[in-house]
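Data block below; observations after.
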Amino acid sequence: MTKQQTPETPAPEETAGPRPRRLTYAAVLTALEGLGLAVGGVWVLVLGLTGDPDDRGQAVTLGITLVVLAMLPLLAARGLFALRSWSRGPSVITQILALPVAYSLLQADSIAIPVGIALAAAAIATLVFLVSPSTTQALGIRRPGAEPDES
């Protein structure tokens with residue numbers, strides 16, 4: 001096909017405006033949560049393989065599971081950075097799942113309490129960033145029932 005036969009469609013980078021700061025913050029927090037899951041998974045896996053756990057199989061399975069689960073927020077963060085509308089859903093799911101984990105950490109009588117506070121604060125802040133109007137507009141997400149030309 002020649003250039004005359006193909007319609008001119010702007011690249012996604014050309015149509016999208018600058019990334020809102022709230023969207024950038026949400027992407028960074030989501031990436032940090034994914035990174036934390038991955039590091040925790042590798043740590044549990046290494047301890048399960050090199051240490052003396054009660055059940056080596058269970059420790060290895062938990063470590064692998066955490067590393068695999070880390071892919072969800074990491075992929076969502078990458079999508080948020082790239083302004084992909086699909087990425088908001090996995091990020092919201094990650095935040096909703098982080099809240100009960102934070103609550104259980106807050107119930108502990110140990111150093112886990114500050115971690116629970118940080119996790120809860122990050123999850124709530126990320127949820128607020130993800131539902132802000134500037135974020136939904138930048139991702140091209142419309143209200144339910146809204147016409148394509150409506151905001």
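So you can find residues: chains in the structure tokens are A, B, ... in the order shown, residues in each start at 1, and ligands are numbered from 1 in order.
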
Discussion item. If we count only C-alpha atoms and set the cut-off at 9 Å, which residues sit around region 71-88 of chain A, ignoring sequence neighbours fewer than 6 positions away in its own chain? Please answer as a count of residues only.
Written reply: 25

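Counting only C-alpha atoms, the residue from A:Val42, A:Ala98, A:Ala122, A:Ile113 that sits nearest to Ala59 (chain A) is A:Val42.
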
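Going from CA of Pro20 (chain A) to CA of Ala123 (chain A) covers 18.6 Å.
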
Worksheet entry | Residues within 8 Å of region 62-67 of chain A, only C-alpha atoms, excluding chain neighbours under 6 positions, as a VMD selection string | chain A and resid 37 to 45 48

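The coordinates place CA of Gly116 (chain A) at 26.0 Å from CA of Gly51 (chain A).
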